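Asker: Below you'll find upload-v9.cif; it's mmCIF, C-alpha atoms.
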data_model
loop_
_atom_site.label_atom_id
_atom_site.label_comp_id
_atom_site.auth_asym_id
_atom_site.auth_seq_id
_atom_site.Cartn_x
_atom_site.Cartn_y
_atom_site.Cartn_z
CA MET A 262 95.50 -81.44 -3.96
CA SER A 263 92.29 -83.16 -2.88
CA HIS A 264 88.85 -81.88 -3.72
CA PRO A 265 86.28 -83.45 -1.37
CA GLU A 266 82.85 -83.59 -2.99
CA ARG A 267 80.44 -81.10 -1.44
CA GLU A 268 77.29 -79.47 -2.71
CA ILE A 269 77.87 -76.43 -4.86
CA ARG A 270 77.20 -73.09 -3.20
CA LYS A 271 74.08 -71.80 -4.90
CA GLY A 272 74.04 -68.26 -6.23
CA ARG A 273 77.81 -67.90 -6.13
CA GLY A 274 80.62 -68.72 -8.54
CA ALA A 275 83.53 -69.01 -6.12
CA GLN A 276 82.95 -71.75 -3.58
CA SER A 277 85.10 -70.35 -0.79
CA ARG A 278 86.96 -67.31 0.36
CA GLN A 279 90.46 -67.12 -1.07
CA ALA A 280 93.37 -65.53 0.73
CA ASN A 281 94.80 -62.27 -0.56
CA ARG A 282 98.31 -63.08 -1.79
CA PHE A 283 99.61 -59.74 -0.51
CA GLU A 284 98.61 -60.41 3.10
CA ALA A 285 101.36 -61.60 5.47
CA LEU A 286 98.91 -63.80 7.42
CA GLN A 287 96.43 -66.13 5.76
CA GLU A 288 93.47 -68.04 7.16
CA GLN A 289 92.75 -71.55 5.91
CA PRO A 290 89.77 -73.53 7.27
CA LEU A 291 90.40 -77.19 7.94
CA GLU A 292 88.54 -79.80 5.94
CA ASP A 293 87.05 -81.42 9.05
CA PHE A 294 85.55 -78.05 10.07
CA LEU A 295 84.06 -77.60 6.60
CA GLU A 296 82.61 -81.09 6.80
CA HIS A 297 81.09 -80.22 10.19
CA GLN A 298 79.47 -77.16 8.62
CA ARG A 299 78.04 -79.25 5.79
CA ILE A 300 76.54 -81.87 8.09
CA SER A 301 75.23 -79.46 10.70
CA GLY A 302 73.84 -76.97 8.18
CA GLU A 303 75.97 -74.17 9.57
CA SER A 304 77.49 -73.21 6.22
CA GLU A 305 78.47 -69.55 6.04
CA LYS A 306 75.91 -67.27 4.43
CA VAL A 307 77.49 -64.76 2.08
CA ARG A 308 75.68 -61.46 1.69
CA THR A 309 76.62 -58.73 -0.74
CA GLY A 310 77.85 -55.47 0.76
CA TYR A 311 78.64 -52.15 -0.90
CA LEU A 312 81.49 -49.83 0.02
CA ARG A 313 81.65 -46.31 -1.36
CA VAL A 314 85.13 -45.36 -2.52
CA HIS A 315 86.59 -42.25 -4.13
CA PRO A 316 89.53 -43.02 -6.45
CA LYS A 317 91.72 -40.25 -7.83
CA THR A 318 91.45 -41.36 -11.47
CA ILE A 319 88.89 -43.32 -13.47
CA VAL A 320 90.12 -43.70 -17.08
CA ASN A 321 92.73 -46.39 -17.61
CA LYS A 322 95.18 -46.69 -20.49
CA VAL A 323 95.09 -50.28 -21.78
CA THR A 324 98.51 -51.45 -22.89
CA SER A 325 97.80 -55.13 -23.52
CA PRO A 326 98.03 -56.02 -27.23
CA ASP A 327 95.45 -58.79 -26.67
CA VAL A 328 92.59 -56.48 -25.69
CA GLY A 329 90.60 -54.66 -28.35
CA MET A 330 90.47 -51.32 -26.57
CA SER A 331 92.83 -48.46 -25.79
CA TYR A 332 91.04 -46.93 -22.79
CA SER A 333 88.63 -48.32 -20.21
CA MET A 334 86.86 -47.31 -17.02
CA ASN A 335 85.08 -49.29 -14.34
CA PRO A 336 82.38 -47.68 -12.18
CA TYR A 337 82.52 -50.66 -9.81
CA GLN A 338 85.27 -52.88 -8.42
CA GLY A 339 84.27 -56.45 -7.72
CA CYS A 340 81.26 -57.97 -9.46
CA GLU A 341 78.19 -59.65 -8.01
CA HIS A 342 77.60 -61.62 -11.21
CA GLY A 343 80.01 -64.20 -9.76
CA CYS A 344 81.33 -65.62 -13.04
CA VAL A 345 83.69 -68.33 -11.84
CA TYR A 346 86.21 -67.88 -14.67
CA CYS A 347 86.47 -64.07 -14.42
CA TYR A 348 90.01 -62.74 -14.88
CA ALA A 349 89.08 -59.59 -12.94
CA ARG A 350 89.05 -61.56 -9.67
CA ASN A 351 92.80 -61.12 -9.38
CA SER A 352 92.44 -57.33 -9.37
CA HIS A 353 90.40 -57.45 -6.15
CA GLU A 354 93.56 -58.30 -4.25
CA TYR A 355 94.97 -54.85 -5.00
CA TRP A 356 92.08 -53.38 -3.01
CA GLY A 357 92.83 -55.57 0.00
CA TYR A 358 90.23 -58.29 -0.60
CA GLY A 359 90.30 -61.90 -1.73
CA PRO A 360 89.59 -63.04 -5.31
CA GLY A 361 87.05 -65.68 -4.26
CA LEU A 362 83.78 -64.89 -2.49
CA ASP A 363 85.09 -61.43 -1.56
CA PHE A 364 85.19 -60.47 -5.24
CA GLU A 365 81.48 -61.12 -5.72
CA SER A 366 80.22 -60.01 -2.31
CA LYS A 367 82.35 -56.95 -1.43
CA ILE A 368 81.52 -54.43 -4.15
CA LEU A 369 83.32 -51.09 -4.27
CA VAL A 370 81.20 -48.27 -5.68
CA LYS A 371 83.18 -45.46 -7.30
CA GLU A 372 80.73 -42.69 -6.52
CA ASN A 373 82.90 -39.93 -7.92
CA ALA A 374 83.39 -41.66 -11.30
CA PRO A 375 81.13 -39.19 -13.20
CA ALA A 376 82.97 -36.17 -11.76
CA LEU A 377 86.34 -37.72 -12.59
CA LEU A 378 85.18 -38.51 -16.13
CA ASP A 379 83.87 -34.97 -16.59
CA ARG A 380 87.23 -33.56 -15.54
CA PHE A 381 89.11 -36.01 -17.79
CA LEU A 382 87.13 -35.25 -20.94
CA LYS A 383 87.68 -31.51 -20.51
CA ARG A 384 91.46 -31.82 -20.49
CA ARG A 385 92.99 -29.72 -23.27
CA SER A 386 95.50 -32.44 -24.05
CA TRP A 387 92.88 -35.16 -24.47
CA LYS A 388 92.07 -36.23 -28.01
CA ALA A 389 88.93 -38.31 -28.35
CA ALA A 390 89.33 -42.08 -28.46
CA PRO A 391 86.70 -44.66 -27.51
CA ILE A 392 86.56 -45.32 -23.77
CA VAL A 393 85.05 -48.68 -22.83
CA LEU A 394 82.83 -49.07 -19.80
CA SER A 395 83.70 -52.40 -18.17
CA GLY A 396 87.17 -53.33 -19.21
CA ASN A 397 87.36 -55.19 -15.90
CA THR A 398 84.04 -55.55 -14.05
CA ASP A 399 80.48 -55.26 -15.39
CA CYS A 400 79.13 -51.71 -15.36
CA TYR A 401 75.53 -53.05 -15.30
CA GLN A 402 75.91 -55.48 -12.42
CA PRO A 403 73.14 -55.40 -9.75
CA ALA A 404 74.77 -52.48 -7.88
CA GLU A 405 73.92 -50.20 -10.81
CA ARG A 406 70.20 -50.43 -10.00
CA GLU A 407 70.87 -48.76 -6.67
CA PHE A 408 73.71 -46.38 -7.43
CA GLY A 409 73.30 -45.43 -11.12
CA VAL A 410 76.97 -44.58 -11.62
CA THR A 411 77.02 -46.01 -15.14
CA ARG A 412 74.03 -43.98 -16.27
CA ALA A 413 75.59 -40.82 -14.84
CA CYS A 414 78.76 -41.55 -16.84
CA LEU A 415 76.76 -42.06 -20.05
CA GLU A 416 75.23 -38.64 -19.50
CA ILE A 417 78.74 -37.19 -19.34
CA PHE A 418 79.74 -38.95 -22.56
CA HIS A 419 76.65 -37.56 -24.28
CA ARG A 420 77.23 -34.04 -22.98
CA TYR A 421 80.71 -33.98 -24.48
CA ARG A 422 79.78 -36.00 -27.58
CA HIS A 423 82.47 -38.51 -26.76
CA PRO A 424 82.57 -42.11 -28.08
CA VAL A 425 81.91 -44.87 -25.54
CA GLY A 426 81.87 -48.66 -25.71
CA ILE A 427 79.98 -50.89 -23.30
CA ILE A 428 80.65 -54.50 -22.29
CA THR A 429 77.96 -56.26 -20.26
CA LYS A 430 76.03 -59.48 -19.74
CA ASN A 431 73.14 -57.78 -17.97
CA ALA A 432 69.83 -56.76 -19.57
CA LEU A 433 69.84 -53.66 -17.34
CA VAL A 434 71.57 -51.88 -20.23
CA LEU A 435 68.11 -51.53 -21.79
CA ARG A 436 67.14 -49.15 -18.98
CA ASP A 437 69.39 -46.56 -20.63
CA MET A 438 67.96 -46.96 -24.12
CA ASP A 439 67.12 -43.25 -24.20
CA LEU A 440 70.77 -42.24 -23.74
CA LEU A 441 72.06 -44.99 -26.00
CA THR A 442 69.72 -43.87 -28.77
CA GLU A 443 70.94 -40.27 -28.47
CA LEU A 444 74.57 -41.37 -28.49
CA HIS A 445 73.95 -43.63 -31.47
CA ALA A 446 72.45 -40.73 -33.44
CA ASP A 447 75.98 -39.31 -33.57
CA GLY A 448 77.73 -42.67 -34.00
CA LEU A 449 79.12 -42.51 -30.47
CA VAL A 450 78.22 -45.88 -28.94
CA GLY A 451 78.69 -49.61 -29.48
CA VAL A 452 77.55 -52.37 -27.13
CA ASN A 453 79.21 -55.74 -26.50
CA ILE A 454 76.89 -58.38 -25.03
CA SER A 455 78.48 -61.48 -23.52
CA VAL A 456 76.89 -64.85 -24.31
CA THR A 457 78.65 -67.88 -22.87
CA SER A 458 76.12 -70.66 -23.46
CA LEU A 459 72.64 -71.34 -24.80
CA ASP A 460 72.06 -73.88 -22.04
CA GLU A 461 70.44 -72.17 -19.07
CA SER A 462 71.66 -74.82 -16.62
CA THR A 463 75.24 -74.20 -17.76
CA ARG A 464 74.72 -70.43 -17.48
CA ARG A 465 73.45 -70.75 -13.90
CA LEU A 466 76.54 -72.72 -12.91
CA LEU A 467 79.11 -70.56 -14.70
CA GLU A 468 77.52 -67.15 -14.14
CA PRO A 469 75.04 -67.49 -11.27
CA ARG A 470 73.82 -63.89 -10.95
CA THR A 471 73.75 -62.77 -14.57
CA ALA A 472 70.81 -62.26 -16.90
CA SER A 473 69.32 -65.38 -18.43
CA ILE A 474 70.29 -66.40 -21.96
CA ALA A 475 66.82 -65.48 -23.22
CA LYS A 476 67.18 -62.00 -21.69
CA ARG A 477 70.58 -61.49 -23.30
CA LEU A 478 69.36 -62.48 -26.76
CA GLU A 479 66.37 -60.20 -26.24
CA THR A 480 68.77 -57.40 -25.29
CA ILE A 481 70.76 -57.90 -28.49
CA ARG A 482 67.53 -57.85 -30.49
CA LYS A 483 66.16 -54.67 -28.90
CA LEU A 484 69.44 -52.78 -29.24
CA SER A 485 69.83 -53.94 -32.83
CA ASP A 486 66.23 -53.02 -33.71
CA ALA A 487 67.04 -49.50 -32.49
CA GLY A 488 70.05 -49.42 -34.82
CA ILE A 489 72.59 -49.54 -32.00
CA PRO A 490 75.53 -51.70 -33.13
CA VAL A 491 76.04 -54.86 -31.07
CA ASN A 492 79.02 -57.17 -30.96
CA ALA A 493 78.47 -60.49 -29.20
CA MET A 494 81.26 -61.75 -26.98
CA LEU A 495 81.19 -65.56 -26.98
CA ALA A 496 83.68 -65.68 -24.16
CA PRO A 497 85.29 -67.50 -22.73
CA ILE A 498 85.09 -70.71 -24.71
CA ILE A 499 85.81 -73.50 -22.23
CA PRO A 500 86.73 -76.89 -23.73
CA GLY A 501 84.35 -79.57 -22.53
CA ILE A 502 81.78 -77.08 -21.21
CA ASN A 503 80.66 -74.75 -23.99
CA SER A 504 83.11 -75.39 -26.84
CA HIS A 505 80.54 -77.53 -28.63
CA GLU A 506 78.16 -74.55 -28.74
CA VAL A 507 80.27 -72.17 -30.85
CA MET A 508 78.21 -72.57 -34.03
CA ASP A 509 74.87 -72.52 -32.24
CA MET A 510 75.77 -69.43 -30.20
CA ALA A 511 77.01 -67.61 -33.31
CA ARG A 512 73.78 -68.39 -35.15
CA ALA A 513 71.64 -67.29 -32.18
CA VAL A 514 73.34 -63.90 -31.78
CA ALA A 515 73.29 -63.35 -35.55
CA ASP A 516 69.56 -64.08 -35.64
CA ALA A 517 69.13 -61.55 -32.82
CA GLY A 518 70.86 -58.88 -34.91
CA ALA A 519 74.48 -58.80 -33.71
CA ARG A 520 76.80 -57.31 -36.33
CA SER A 521 79.86 -59.30 -35.27
CA PHE A 522 81.17 -61.63 -32.60
CA GLY A 523 84.42 -62.23 -30.79
CA PHE A 524 85.66 -65.02 -28.58
CA THR A 525 88.51 -66.02 -26.29
CA VAL A 526 89.76 -69.39 -25.11
CA VAL A 527 89.56 -69.61 -21.33
CA ARG A 528 92.74 -69.04 -19.34
CA LEU A 529 93.02 -69.39 -15.59
CA ASN A 530 95.69 -66.99 -14.39
CA GLY A 531 96.67 -66.28 -10.83
CA ALA A 532 94.10 -67.25 -8.22
CA ILE A 533 91.52 -68.11 -10.90
CA ALA A 534 93.04 -71.54 -11.45
CA GLY A 535 92.33 -72.64 -7.89
CA ILE A 536 88.89 -71.00 -7.77
CA PHE A 537 87.81 -72.58 -11.05
CA THR A 538 89.22 -75.99 -10.15
CA GLU A 539 87.42 -76.06 -6.80
CA TRP A 540 84.17 -75.02 -8.49
CA LEU A 541 84.58 -77.58 -11.28
CA HIS A 542 85.05 -80.48 -8.87
CA ARG A 543 81.79 -79.52 -7.17
CA ALA A 544 79.74 -78.54 -10.22
CA MET A 545 80.90 -81.23 -12.68
CA PRO A 546 82.86 -83.85 -10.69
CA ASP A 547 82.49 -86.54 -13.37
CA ARG A 548 84.01 -84.32 -16.08
CA ALA A 549 86.45 -82.20 -14.06
CA GLY A 550 89.62 -84.10 -14.96
CA LYS A 551 88.89 -84.13 -18.68
CA ILE A 552 87.96 -80.43 -18.80
CA LEU A 553 91.10 -79.37 -16.95
CA SER A 554 93.19 -81.55 -19.25
CA GLN A 555 91.72 -79.89 -22.34
CA ILE A 556 92.29 -76.40 -20.92
CA ARG A 557 95.93 -77.32 -20.28
CA ALA A 558 96.20 -78.55 -23.85
CA CYS A 559 95.34 -75.03 -25.01
CA HIS A 560 98.07 -73.38 -22.95
CA GLY A 561 101.22 -75.43 -23.26
CA GLY A 562 100.29 -77.85 -20.49
CA SER A 563 99.35 -75.20 -17.92
CA LEU A 564 96.09 -73.69 -16.68
CA ASN A 565 97.88 -70.35 -16.51
CA ASP A 566 98.97 -68.44 -19.59
CA SER A 567 100.38 -64.91 -19.69
CA ARG A 568 101.95 -64.91 -23.15
CA PHE A 569 100.88 -61.92 -25.23
CA GLY A 570 99.38 -62.91 -28.53
CA ILE A 571 98.62 -66.45 -27.37
CA ARG A 572 96.99 -66.26 -23.93
CA ASN A 573 93.50 -65.37 -25.21
CA LYS A 574 93.70 -67.48 -28.36
CA GLY A 575 95.22 -70.69 -27.07
CA GLU A 576 97.25 -73.11 -29.14
CA GLY A 577 97.29 -76.79 -30.01
CA ALA A 578 94.65 -79.10 -31.48
CA VAL A 579 91.80 -78.19 -29.11
CA ALA A 580 92.24 -74.45 -29.58
CA SER A 581 92.64 -74.92 -33.33
CA GLN A 582 89.29 -76.68 -33.54
CA ILE A 583 87.61 -73.77 -31.70
CA HIS A 584 89.16 -71.26 -34.11
CA GLN A 585 88.02 -73.29 -37.11
CA LEU A 586 84.45 -73.38 -35.82
CA ALA A 587 84.51 -69.61 -35.28
CA ALA A 588 85.81 -69.02 -38.81
CA ILE A 589 83.02 -71.16 -40.28
CA ALA A 590 80.44 -69.34 -38.14
CA ARG A 591 81.62 -65.92 -39.33
CA LYS A 592 81.44 -67.00 -42.96
CA LYS A 593 78.03 -68.64 -42.57
CA TYR A 594 76.20 -66.21 -40.29
CA PHE A 595 78.00 -62.85 -40.46
CA ALA A 596 78.82 -62.37 -44.12
CA GLY A 597 78.39 -58.71 -45.06
CA ARG A 598 78.09 -57.55 -41.44
CA LYS A 599 80.53 -55.18 -39.79
CA PHE A 600 80.78 -53.52 -36.39
CA PRO A 601 81.39 -49.79 -37.10
CA GLU A 602 84.13 -47.58 -35.80
CA LEU A 603 82.92 -44.97 -33.33
CA ASN A 604 82.86 -41.28 -34.18
CA THR A 605 85.72 -39.28 -32.65
CA SER A 606 85.18 -36.06 -34.61
CA LEU A 607 82.61 -34.27 -32.40
CA HIS A 608 84.28 -34.12 -29.02
CA ALA A 609 86.73 -31.29 -29.69
CA ALA A 610 83.91 -28.87 -30.42
CA HIS A 611 82.03 -29.94 -27.28
CA LYS A 612 84.93 -30.06 -24.86
CA SER A 613 83.56 -27.11 -22.88
CA GLY A 614 80.25 -28.92 -22.50
CA GLN A 615 78.49 -26.94 -25.22
CA TRP A 616 78.96 -26.29 -28.92
CA GLU A 617 81.77 -23.80 -29.44
CA LEU A 618 80.76 -21.20 -32.03
CA PHE A 619 83.88 -19.08 -31.76
#
Step by step, read the file and then write its structure as structure tokens.

Answerer:
Amino acid sequence: MSHPEREIRKGRGAQSRQANRFEALQEQPLEDFLEHQRISGESEKVRTGYLRVHPKTIVNKVTSPDVGMSYSMNPYQGCEHGCVYCYARNSHEYWGYGPGLDFESKILVKENAPALLDRFLKRRSWKAAPIVLSGNTDCYQPAEREFGVTRACLEIFHRYRHPVGIITKNALVLRDMDLLTELHADGLVGVNISVTSLDESTRRLLEPRTASIAKRLETIRKLSDAGIPVNAMLAPIIPGINSHEVMDMARAVADAGARSFGFTVVRLNGAIAGIFTEWLHRAMPDRAGKILSQIRACHGGSLNDSRFGIRNKGEGAVASQIHQLAAIARKKYFAGRKFPELNTSLHAAHKSGQWELF
């Protein structure tokens, strides 16, 4: 497969629209037409659009043994952050859209998420277990500024004194410091902040519409100063791009106050392999071959890896080196630190929305 060198599309991770694999008919632009667009300056402008949707359920049971959560919920489908490696891109196809530019420009807003969550937490059969906001797409992506679905859900969690985890790479989480502080007073919240590089130029290429590295470290520091437990997600580690930064990233998040860190080795399942490869040949054409070769070395010679227990860890010499660096970083920078378990004991008494005295 050829990858003609063209300028990278600024402000976006995916460099083109990708066909939905479930569609019977697929559209594929010819290379000569794309070249005409490049020369004539007629390249397609991609604008973000929001579509209000009303799903029937919002809390998802997580069955994968590789994911450190049992339940998750996502106020938004699709993510404007545009991280080129994002595994959630594949899920956009189930909504009828493509995993490429569609994923980061056609954002589905689940307006009824707070009402669905309210109904779920009042179920008599439900026994409290941490529910994580953003198991798939970021709950603090730019759409949250306009729609506020995430904040409304946090208010529900607080009303019912129910434990909630948050995963984000956006400093917008600090907007809700009032709610987070109240939740933390009862041991009900933990925040996971994603840090993928300390190099801002790398961050802009990998994650074009996310908060800057300085903002993310500041977010960790402010949350930690307020006592709110923070776990840093150094993920994904991509050989040849950010793998050399493991120690430096671990030290930086530790200095900012993170209590722990986790990491994954990049895997490019489904449509992500093609999206990432196209991006890589535009963003880093001189290193593309070597980087792809090292990723394959972590996954049995393939960019794709679906094996439970291995897919997020990788295997082989390259992956082993990453794991060794992480082990050294934990021993050097996180000795004596621990991310706490969230409190599940209060919800039963607040299931009606108020303290039950009788």

Asker: When the PyMOL selection byres ((chain A and resi 471) around 9) is applied to the file above, which residues end up in the set, as an MDAnalysis selection string?

Answerer: chainID A and resid 341:344 402:403 430:432 464:465 468:470 472:474

Asker: Those residues with C-alpha atoms, as a PDB file, in the frame of the given file please?

Answerer:
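Saved result, result.pdb, follows:
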ATOM      1  CA  GLU A 341      78.190 -59.650  -8.010  1.00  0.00           C
ATOM      2  CA  HIS A 342      77.600 -61.620 -11.210  1.00  0.00           C
ATOM      3  CA  GLY A 343      80.010 -64.200  -9.760  1.00  0.00           C
ATOM      4  CA  CYS A 344      81.330 -65.620 -13.040  1.00  0.00           C
ATOM      5  CA  GLN A 402      75.910 -55.480 -12.420  1.00  0.00           C
ATOM      6  CA  PRO A 403      73.140 -55.400  -9.750  1.00  0.00           C
ATOM      7  CA  LYS A 430      76.030 -59.480 -19.740  1.00  0.00           C
ATOM      8  CA  ASN A 431      73.140 -57.780 -17.970  1.00  0.00           C
ATOM      9  CA  ALA A 432      69.830 -56.760 -19.570  1.00  0.00           C
ATOM     10  CA  ARG A 464      74.720 -70.430 -17.480  1.00  0.00           C
ATOM     11  CA  ARG A 465      73.450 -70.750 -13.900  1.00  0.00           C
ATOM     12  CA  GLU A 468      77.520 -67.150 -14.140  1.00  0.00           C
ATOM     13  CA  PRO A 469      75.040 -67.490 -11.270  1.00  0.00           C
ATOM     14  CA  ARG A 470      73.820 -63.890 -10.950  1.00  0.00           C
ATOM     15  CA  ALA A 472      70.810 -62.260 -16.900  1.00  0.00           C
ATOM     16  CA  SER A 473      69.320 -65.380 -18.430  1.00  0.00           C
ATOM     17  CA  ILE A 474      70.290 -66.400 -21.960  1.00  0.00           C
TER      18      ILE A 474
END

Asker: One decimal, Å: what's the distance from CA of Val370 (chain A) over to CA of Arg313 (chain A), could you say?

Answerer: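 Going from CA of Val370 (chain A) over to CA of Arg313 (chain A) covers 4.8 Å.
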
Asker: How far is it from CA of Asp439 (chain A) to CA of Ala413 (chain A), in Å with one decimal?

Answerer: 12.9 Å

Asker: Since I can't run it myself right now, could you work out what the PyMOL selection byres ((chain A and resi 319-324) around 9) selects here and report it as a list in words?

Answerer: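 In the shown coordinates, the PyMOL selection byres ((chain A and resi 319-324) around 9) covers Pro316, Lys317, Thr318, Ser325, Pro326, Asp327, Val328, Met330, Ser331, Tyr332, Ser333, Met334, Asn335, Pro336, Lys371, Asn373, Ala374, Pro375, Leu377, Leu378, Phe381, Ile392 and Gly396 of chain A.
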
Asker: Determine the nearest neighbour of Leu394 (chain A) from the options A:Met438, A:Val452, A:Ala475, A:Met508, counting all atoms listed in the file.

Answerer: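 Under the stated criterion, the closest residue is A:Val452.
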
Asker: Could you list, as a list in words, every residue within 12 Å of Asp447 (chain A), counting all atoms listed in the file and ignoring same-chain residues fewer than 4 positions away?

Answerer: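 In the requested format, the answer is Phe418, His419, Arg420, Tyr421, Arg422, His423, Pro424, Val425, Leu440, Leu441, Thr442, Glu443, Gly451, Gly488, Ile489, Glu602, Leu603, Asn604, Thr605, Ser606, Leu607 and His608 of chain A.
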
Asker: At what distance in Å, to one decimal, does CA of Ile533 (chain A) lie from CA of Tyr348 (chain A)?

Answerer: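 Distance reported for this atom pair: 6.9 Å.
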
Asker: Can you tell me, as a JSON list (two decimals) with C-alpha atoms, in the frame of the given file, what residues are no more than 9 Å from region 500-502 of chain A when counting all atoms listed in the file, ignoring any on the same chain fewer than 4 positions away?

Answerer:
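Just written: out_34.json:
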[["chain", "number", "residue", "atom", "x", "y", "z"],
["A", 458, "SER", "CA", 76.12, -70.66, -23.46],
["A", 463, "THR", "CA", 75.24, -74.20, -17.76],
["A", 506, "GLU", "CA", 78.16, -74.55, -28.74],
["A", 526, "VAL", "CA", 89.76, -69.39, -25.11],
["A", 527, "VAL", "CA", 89.56, -69.61, -21.33],
["A", 548, "ARG", "CA", 84.01, -84.32, -16.08],
["A", 551, "LYS", "CA", 88.89, -84.13, -18.68],
["A", 552, "ILE", "CA", 87.96, -80.43, -18.80],
["A", 553, "LEU", "CA", 91.10, -79.37, -16.95],
["A", 555, "GLN", "CA", 91.72, -79.89, -22.34],
["A", 556, "ILE", "CA", 92.29, -76.40, -20.92],
["A", 559, "CYS", "CA", 95.34, -75.03, -25.01],
["A", 579, "VAL", "CA", 91.80, -78.19, -29.11],
["A", 580, "ALA", "CA", 92.24, -74.45, -29.58],
["A", 583, "ILE", "CA", 87.61, -73.77, -31.70]]

Asker: Can you spell out as JSON, numbers by chain the set of residues that the PyMOL selection byres ((chain A and resi 543-546) around 7) selects in the structure I just provided?

Answerer: {"A": [266, 267, 268, 269, 539, 540, 541, 542, 547, 548, 549]}

Asker: Create the file for the chosen residues now, containing C-alpha atoms and written as a PDB file, in the coordinates of the input.

Answerer:
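Output saved as out_39.pdb:
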ATOM      1  CA  GLU A 266      82.850 -83.590  -2.990  1.00  0.00           C
ATOM      2  CA  ARG A 267      80.440 -81.100  -1.440  1.00  0.00           C
ATOM      3  CA  GLU A 268      77.290 -79.470  -2.710  1.00  0.00           C
ATOM      4  CA  ILE A 269      77.870 -76.430  -4.860  1.00  0.00           C
ATOM      5  CA  GLU A 539      87.420 -76.060  -6.800  1.00  0.00           C
ATOM      6  CA  TRP A 540      84.170 -75.020  -8.490  1.00  0.00           C
ATOM      7  CA  LEU A 541      84.580 -77.580 -11.280  1.00  0.00           C
ATOM      8  CA  HIS A 542      85.050 -80.480  -8.870  1.00  0.00           C
ATOM      9  CA  ASP A 547      82.490 -86.540 -13.370  1.00  0.00           C
ATOM     10  CA  ARG A 548      84.010 -84.320 -16.080  1.00  0.00           C
ATOM     11  CA  ALA A 549      86.450 -82.200 -14.060  1.00  0.00           C
TER      12      ALA A 549
END

Asker: Which polymer residues, whether protein, DNA or RNA, lie within 12 Å of the coordinate (66.5, -62.0, -26.4) when you count only C-alpha atoms? List them as a PDB file with C-alpha atoms, keeping the file's coordinate frame, using the chain letters and numbers from the file.

Answerer:
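In the end it all went to point37.pdb:
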ATOM      1  CA  LYS A 430      76.030 -59.480 -19.740  1.00  0.00           C
ATOM      2  CA  ASN A 431      73.140 -57.780 -17.970  1.00  0.00           C
ATOM      3  CA  ALA A 432      69.830 -56.760 -19.570  1.00  0.00           C
ATOM      4  CA  LEU A 435      68.110 -51.530 -21.790  1.00  0.00           C
ATOM      5  CA  ILE A 454      76.890 -58.380 -25.030  1.00  0.00           C
ATOM      6  CA  VAL A 456      76.890 -64.850 -24.310  1.00  0.00           C
ATOM      7  CA  LEU A 459      72.640 -71.340 -24.800  1.00  0.00           C
ATOM      8  CA  ALA A 472      70.810 -62.260 -16.900  1.00  0.00           C
ATOM      9  CA  SER A 473      69.320 -65.380 -18.430  1.00  0.00           C
ATOM     10  CA  ILE A 474      70.290 -66.400 -21.960  1.00  0.00           C
ATOM     11  CA  ALA A 475      66.820 -65.480 -23.220  1.00  0.00           C
ATOM     12  CA  LYS A 476      67.180 -62.000 -21.690  1.00  0.00           C
ATOM     13  CA  ARG A 477      70.580 -61.490 -23.300  1.00  0.00           C
ATOM     14  CA  LEU A 478      69.360 -62.480 -26.760  1.00  0.00           C
ATOM     15  CA  GLU A 479      66.370 -60.200 -26.240  1.00  0.00           C
ATOM     16  CA  THR A 480      68.770 -57.400 -25.290  1.00  0.00           C
ATOM     17  CA  ILE A 481      70.760 -57.900 -28.490  1.00  0.00           C
ATOM     18  CA  ARG A 482      67.530 -57.850 -30.490  1.00  0.00           C
ATOM     19  CA  LYS A 483      66.160 -54.670 -28.900  1.00  0.00           C
ATOM     20  CA  LEU A 484      69.440 -52.780 -29.240  1.00  0.00           C
ATOM     21  CA  SER A 485      69.830 -53.940 -32.830  1.00  0.00           C
ATOM     22  CA  ASP A 486      66.230 -53.020 -33.710  1.00  0.00           C
ATOM     23  CA  ALA A 513      71.640 -67.290 -32.180  1.00  0.00           C
ATOM     24  CA  VAL A 514      73.340 -63.900 -31.780  1.00  0.00           C
ATOM     25  CA  ALA A 515      73.290 -63.350 -35.550  1.00  0.00           C
ATOM     26  CA  ASP A 516      69.560 -64.080 -35.640  1.00  0.00           C
ATOM     27  CA  ALA A 517      69.130 -61.550 -32.820  1.00  0.00           C
ATOM     28  CA  GLY A 518      70.860 -58.880 -34.910  1.00  0.00           C
ATOM     29  CA  ALA A 519      74.480 -58.800 -33.710  1.00  0.00           C
TER      30      ALA A 519
END

Asker: With distances taken over all atoms listed in the file, which of A:Ala532, A:Cys414, A:Leu444, A:Ala609 is nearest to Ala390 (chain A)?

Answerer: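 Counting all atoms listed in the file, the residue closest to Ala390 (chain A) is A:Ala609.
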